[in-house]
file target_10.pdb (PDB, C-alpha atoms, pLDDT in the B column)
ATOM      1  CA  ALA P   1     -13.337  -0.638   5.002  1.00 83.00           C
ATOM      2  CA  ALA P   2     -10.306  -2.151   3.250  1.00 93.00           C
ATOM      3  CA  CYS P   3      -8.946  -3.410   6.583  1.00 94.00           C
ATOM      4  CA  GLY P   4     -12.267  -4.893   7.724  1.00 93.00           C
ATOM      5  CA  LYS P   5     -11.976  -8.414   9.142  1.00 94.00           C
ATOM      6  CA  ARG P   6      -8.246  -8.524   8.364  1.00 96.00           C
ATOM      7  CA  PRO P   7      -5.466  -8.958  10.945  1.00 95.00           C
ATOM      8  CA  ILE P   8      -4.355  -5.317  10.829  1.00 95.00           C
ATOM      9  CA  SER P   9      -3.726  -3.776  14.232  1.00 95.00           C
ATOM     10  CA  GLU P  10      -4.526  -0.215  15.208  1.00 96.00           C
ATOM     11  CA  GLU P  11      -0.775   0.278  15.665  1.00 96.00           C
ATOM     12  CA  GLN P  12      -0.168  -0.680  12.036  1.00 96.00           C
ATOM     13  CA  LYS P  13      -2.844   1.747  10.873  1.00 96.00           C
ATOM     14  CA  VAL P  14      -1.416   4.568  12.987  1.00 97.00           C
ATOM     15  CA  GLU P  15       2.094   3.804  11.717  1.00 96.00           C
ATOM     16  CA  LEU P  16       0.872   3.834   8.107  1.00 96.00           C
ATOM     17  CA  VAL P  17      -0.687   7.268   8.602  1.00 96.00           C
ATOM     18  CA  ARG P  18       2.484   8.539  10.276  1.00 97.00           C
ATOM     19  CA  GLU P  19       4.685   7.261   7.436  1.00 96.00           C
ATOM     20  CA  VAL P  20       2.450   8.786   4.767  1.00 96.00           C
ATOM     21  CA  GLU P  21       2.355  12.134   6.585  1.00 96.00           C
ATOM     22  CA  GLU P  22       6.136  12.218   7.060  1.00 96.00           C
ATOM     23  CA  GLU P  23       6.835  11.362   3.432  1.00 95.00           C
ATOM     24  CA  LEU P  24       4.383  13.958   2.151  1.00 96.00           C
ATOM     25  CA  MET P  25       5.827  16.644   4.430  1.00 95.00           C
ATOM     26  CA  ARG P  26       9.297  15.902   3.057  1.00 95.00           C
ATOM     27  CA  MET P  27       8.166  16.034  -0.549  1.00 94.00           C
ATOM     28  CA  PHE P  28       5.666  18.901  -0.574  1.00 94.00           C
ATOM     29  CA  GLU P  29       5.904  22.339   0.961  1.00 90.00           C
ATOM     30  CA  ARG P  30       2.227  23.243   0.948  1.00 90.00           C
ATOM     31  CA  GLU P  31      -0.623  21.596  -0.867  1.00 94.00           C
ATOM     32  CA  VAL P  32      -0.531  17.882  -1.508  1.00 95.00           C
ATOM     33  CA  PRO P  33      -2.514  16.472  -4.422  1.00 94.00           C
ATOM     34  CA  SER P  34      -4.964  13.841  -3.163  1.00 92.00           C
ATOM     35  CA  LYS P  35      -3.578  11.423  -5.751  1.00 93.00           C
ATOM     36  CA  GLU P  36      -0.209  11.536  -3.951  1.00 95.00           C
ATOM     37  CA  VAL P  37      -1.867  10.561  -0.683  1.00 95.00           C
ATOM     38  CA  GLY P  38      -3.766   7.684  -2.270  1.00 95.00           C
ATOM     39  CA  VAL P  39      -0.765   6.272  -4.106  1.00 95.00           C
ATOM     40  CA  ARG P  40       1.367   6.310  -0.953  1.00 96.00           C
ATOM     41  CA  VAL P  41      -1.364   4.675   1.113  1.00 97.00           C
ATOM     42  CA  ALA P  42      -1.728   1.960  -1.539  1.00 96.00           C
ATOM     43  CA  SER P  43       2.021   1.385  -1.622  1.00 94.00           C
ATOM     44  CA  LEU P  44       2.229   0.931   2.140  1.00 96.00           C
ATOM     45  CA  LEU P  45      -0.882  -1.256   2.295  1.00 96.00           C
ATOM     46  CA  ARG P  46       0.772  -3.508  -0.274  1.00 95.00           C
ATOM     47  CA  THR P  47       3.531  -4.228   2.269  1.00 93.00           C
ATOM     48  CA  ILE P  48       1.113  -4.819   5.146  1.00 94.00           C
ATOM     49  CA  ASP P  49      -1.525  -7.142   3.692  1.00 95.00           C
ATOM     50  CA  PRO P  50      -2.127  -8.026   0.035  1.00 95.00           C
ATOM     51  CA  ILE P  51      -5.883  -8.511   0.549  1.00 96.00           C
ATOM     52  CA  VAL P  52      -6.220  -5.088   2.151  1.00 97.00           C
ATOM     53  CA  TYR P  53      -4.169  -3.645  -0.697  1.00 96.00           C
ATOM     54  CA  ILE P  54      -6.435  -5.224  -3.354  1.00 97.00           C
ATOM     55  CA  ARG P  55      -9.549  -3.948  -1.567  1.00 97.00           C
ATOM     56  CA  TYR P  56      -8.142  -0.432  -1.332  1.00 97.00           C
ATOM     57  CA  ALA P  57      -6.687  -0.437  -4.848  1.00 96.00           C
ATOM     58  CA  SER P  58      -9.937  -1.666  -6.392  1.00 96.00           C
ATOM     59  CA  GLU P  59     -11.732   1.355  -4.965  1.00 95.00           C
ATOM     60  CA  TYR P  60      -8.969   3.951  -5.247  1.00 95.00           C
ATOM     61  CA  PHE P  61      -7.814   3.017  -8.751  1.00 95.00           C
ATOM     62  CA  ASN P  62     -11.441   2.472  -9.811  1.00 96.00           C
ATOM     63  CA  PHE P  63     -11.187  -1.113 -11.046  1.00 97.00           C
ATOM     64  CA  GLN P  64     -13.967  -1.727 -13.547  1.00 97.00           C
ATOM     65  CA  ASP P  65     -14.113  -5.500 -13.746  1.00 98.00           C
ATOM     66  CA  LEU P  66     -12.601  -8.791 -12.645  1.00 97.00           C
ATOM     67  CA  GLU P  67      -9.863  -8.452 -15.239  1.00 98.00           C
ATOM     68  CA  ASP P  68      -8.574  -5.332 -13.468  1.00 97.00           C
ATOM     69  CA  ILE P  69      -8.506  -7.194 -10.153  1.00 97.00           C
ATOM     70  CA  SER P  70      -6.920 -10.253 -11.761  1.00 97.00           C
ATOM     71  CA  ARG P  71      -4.192  -8.110 -13.309  1.00 96.00           C
ATOM     72  CA  GLU P  72      -3.400  -6.528  -9.939  1.00 95.00           C
ATOM     73  CA  VAL P  73      -3.309  -9.917  -8.200  1.00 96.00           C
ATOM     74  CA  SER P  74      -0.935 -11.179 -10.907  1.00 96.00           C
ATOM     75  CA  ASP P  75       1.303  -8.158 -10.327  1.00 94.00           C
ATOM     76  CA  LEU P  76       1.369  -8.957  -6.610  1.00 93.00           C
ATOM     77  CA  GLN P  77       2.303 -12.555  -7.327  1.00 92.00           C
ATOM     78  CA  GLU P  78       5.028 -11.605  -9.800  1.00 91.00           C
ATOM     79  CA  GLU P  79       6.499  -8.892  -7.598  1.00 88.00           C
ATOM     80  CA  PRO P  80       5.661  -9.647  -3.975  1.00 77.00           C
ATOM     81  CA  PRO P  81       5.900  -6.729  -1.563  1.00 74.00           C
ATOM     82  CA  VAL P  82       9.047  -6.202   0.456  1.00 71.00           C
ATOM     83  CA  PHE P  83       8.104  -6.122   4.099  1.00 59.00           C
ATOM     84  CA  PRO P  84       9.786  -3.505   6.306  1.00 55.00           C
ATOM     85  CA  THR P  85      11.137  -6.163   8.690  1.00 52.00           C
ATOM     86  CA  GLN P  86      12.314  -8.455   5.901  1.00 50.00           C
ATOM     87  CA  SER P  87      16.059  -8.762   5.455  1.00 52.00           C
ATOM     88  CA  ASP P  88      17.845  -9.550   2.193  1.00 51.00           C
ATOM     89  CA  LEU P  89      18.500 -13.221   1.590  1.00 50.00           C
ATOM     90  CA  PHE P  90      21.672 -12.407  -0.274  1.00 55.00           C
ATOM     91  CA  THR P  91      23.975  -9.531   0.457  1.00 53.00           C
ATOM     92  CA  LYS P  92      24.248  -7.147  -2.479  1.00 53.00           C
ATOM     93  CA  LYS P  93      27.765  -6.084  -3.381  1.00 49.00           C
TER      94      LYS P  93
END

call {"tool": "encode", "arguments": {"input": "target_10.pdb", "output": "structure tokens"}}
result
Amino acid sequence: AACGKRPISEEQKVELVREVEEELMRMFEREVPSKEVGVRVASLLRTIDPIVYIRYASEYFNFQDLEDISREVSDLQEEPPVFPTQSDLFTKK
């Protein structure tokens, strides 16, 4: 539902699932708390599409009102996501 009517390809969705699965397999031997799955999905959605991220986060993090959404949008504006294909503008030394 979060990706509805947004320019997110099936390939991007499949890649997101693959990345989440790989990370969880590296970090957990057996059971994975559902919270860990949700947080990782949110983190990756943030790098794919900010609207999709806000939709997902509002449901997953149980936003209660417009102030919660506004706060999250402000956080996105203050600290924009780093896209996987984005290179550094300045080389860090």

call {"tool": "resolve_selection", "arguments": {"input": "target_10.pdb", "expression": "the PyMOL selection byres ((chain P and resi 50) around 12)", "output": "compact mmCIF listing (two decimals) with C-alpha atoms, in the coordinates of the input"}}
result
# COMPACT_ATOMS: atom_id res chain seq x y z
CA ALA P 2 -10.31 -2.15 3.25
CA CYS P 3 -8.95 -3.41 6.58
CA ARG P 6 -8.25 -8.52 8.36
CA PRO P 7 -5.47 -8.96 10.94
CA ILE P 8 -4.36 -5.32 10.83
CA ALA P 42 -1.73 1.96 -1.54
CA SER P 43 2.02 1.38 -1.62
CA LEU P 44 2.23 0.93 2.14
CA LEU P 45 -0.88 -1.26 2.30
CA ARG P 46 0.77 -3.51 -0.27
CA THR P 47 3.53 -4.23 2.27
CA ILE P 48 1.11 -4.82 5.15
CA ASP P 49 -1.52 -7.14 3.69
CA ILE P 51 -5.88 -8.51 0.55
CA VAL P 52 -6.22 -5.09 2.15
CA TYR P 53 -4.17 -3.64 -0.70
CA ILE P 54 -6.44 -5.22 -3.35
CA ARG P 55 -9.55 -3.95 -1.57
CA TYR P 56 -8.14 -0.43 -1.33
CA ALA P 57 -6.69 -0.44 -4.85
CA SER P 58 -9.94 -1.67 -6.39
CA GLU P 72 -3.40 -6.53 -9.94
CA VAL P 73 -3.31 -9.92 -8.20
CA SER P 74 -0.94 -11.18 -10.91
CA ASP P 75 1.30 -8.16 -10.33
CA LEU P 76 1.37 -8.96 -6.61
CA GLN P 77 2.30 -12.56 -7.33
CA GLU P 79 6.50 -8.89 -7.60
CA PRO P 80 5.66 -9.65 -3.98
CA PRO P 81 5.90 -6.73 -1.56
CA VAL P 82 9.05 -6.20 0.46
CA PHE P 83 8.10 -6.12 4.10

call {"tool": "closest_residue", "arguments": {"input": "target_10.pdb", "among": "P:Glu15, P:Ala1, P:Val20, P:Met25", "to": "P:Val39", "atoms": "all atoms listed in the file"}}
result
P:Val20

call {"tool": "axis_aligned_box", "arguments": {"input": "target_10.pdb", "around": "stretch 27-33 of chain P", "padding_each_side": "6 Å", "output": "lines of an AutoDock Vina configuration file"}}
result
center_x = 2.8
center_y = 19.6
center_z = -1.7
size_x = 22.7
size_y = 19.2
size_z = 17.4

call {"tool": "atom_distance", "arguments": {"input": "target_10.pdb", "atom1": "atom CA of P:Val41", "atom2": "atom CA of P:Glu22"}}
result
12.2 Å

call {"tool": "atom_distance", "arguments": {"input": "target_10.pdb", "atom1": "atom CA of P:Val17", "atom2": "atom CA of P:Val37"}}
result
9.9 Å

call {"tool": "atom_distance", "arguments": {"input": "target_10.pdb", "atom1": "atom CA of P:Asp68", "atom2": "atom CA of P:Lys5"}}
result
23.1 Å

call {"tool": "build_atoms", "arguments": {"input": "target_10.pdb", "residues": "stretch 17-32 of chain P", "atoms": "N, CA and C atoms", "output": "JSON list (two decimals), keeping the file's coordinate frame"}}
result
[["chain", "number", "residue", "atom", "x", "y", "z"],
["P", 17, "VAL", "N", -0.33, 5.85, 8.70],
["P", 17, "VAL", "CA", -0.69, 7.27, 8.60],
["P", 17, "VAL", "C", 0.53, 8.14, 8.89],
["P", 18, "ARG", "N", 1.29, 7.77, 9.92],
["P", 18, "ARG", "CA", 2.48, 8.54, 10.28],
["P", 18, "ARG", "C", 3.49, 8.53, 9.13],
["P", 19, "GLU", "N", 3.73, 7.36, 8.54],
["P", 19, "GLU", "CA", 4.68, 7.26, 7.44],
["P", 19, "GLU", "C", 4.25, 8.09, 6.23],
["P", 20, "VAL", "N", 2.96, 8.01, 5.91],
["P", 20, "VAL", "CA", 2.45, 8.79, 4.77],
["P", 20, "VAL", "C", 2.61, 10.28, 5.04],
["P", 21, "GLU", "N", 2.23, 10.71, 6.24],
["P", 21, "GLU", "CA", 2.36, 12.13, 6.58],
["P", 21, "GLU", "C", 3.80, 12.61, 6.51],
["P", 22, "GLU", "N", 4.72, 11.83, 7.08],
["P", 22, "GLU", "CA", 6.14, 12.22, 7.06],
["P", 22, "GLU", "C", 6.67, 12.33, 5.63],
["P", 23, "GLU", "N", 6.34, 11.35, 4.81],
["P", 23, "GLU", "CA", 6.84, 11.36, 3.43],
["P", 23, "GLU", "C", 6.28, 12.56, 2.66],
["P", 24, "LEU", "N", 5.00, 12.84, 2.86],
["P", 24, "LEU", "CA", 4.38, 13.96, 2.15],
["P", 24, "LEU", "C", 4.95, 15.29, 2.63],
["P", 25, "MET", "N", 5.24, 15.40, 3.91],
["P", 25, "MET", "CA", 5.83, 16.64, 4.43],
["P", 25, "MET", "C", 7.22, 16.88, 3.86],
["P", 26, "ARG", "N", 7.95, 15.78, 3.64],
["P", 26, "ARG", "CA", 9.30, 15.90, 3.06],
["P", 26, "ARG", "C", 9.23, 16.31, 1.59],
["P", 27, "MET", "N", 8.22, 15.84, 0.89],
["P", 27, "MET", "CA", 8.17, 16.03, -0.55],
["P", 27, "MET", "C", 7.41, 17.28, -1.00],
["P", 28, "PHE", "N", 6.50, 17.76, -0.18],
["P", 28, "PHE", "CA", 5.67, 18.90, -0.57],
["P", 28, "PHE", "C", 5.73, 19.99, 0.49],
["P", 29, "GLU", "N", 5.83, 21.23, 0.02],
["P", 29, "GLU", "CA", 5.90, 22.34, 0.96],
["P", 29, "GLU", "C", 4.53, 22.76, 1.45],
["P", 30, "ARG", "N", 3.56, 22.75, 0.57],
["P", 30, "ARG", "CA", 2.23, 23.24, 0.95],
["P", 30, "ARG", "C", 1.16, 22.23, 0.61],
["P", 31, "GLU", "N", 0.49, 22.46, -0.49],
["P", 31, "GLU", "CA", -0.62, 21.60, -0.87],
["P", 31, "GLU", "C", -0.12, 20.26, -1.41],
["P", 32, "VAL", "N", -0.85, 19.23, -1.05],
["P", 32, "VAL", "CA", -0.53, 17.88, -1.51],
["P", 32, "VAL", "C", -1.70, 17.38, -2.35]]
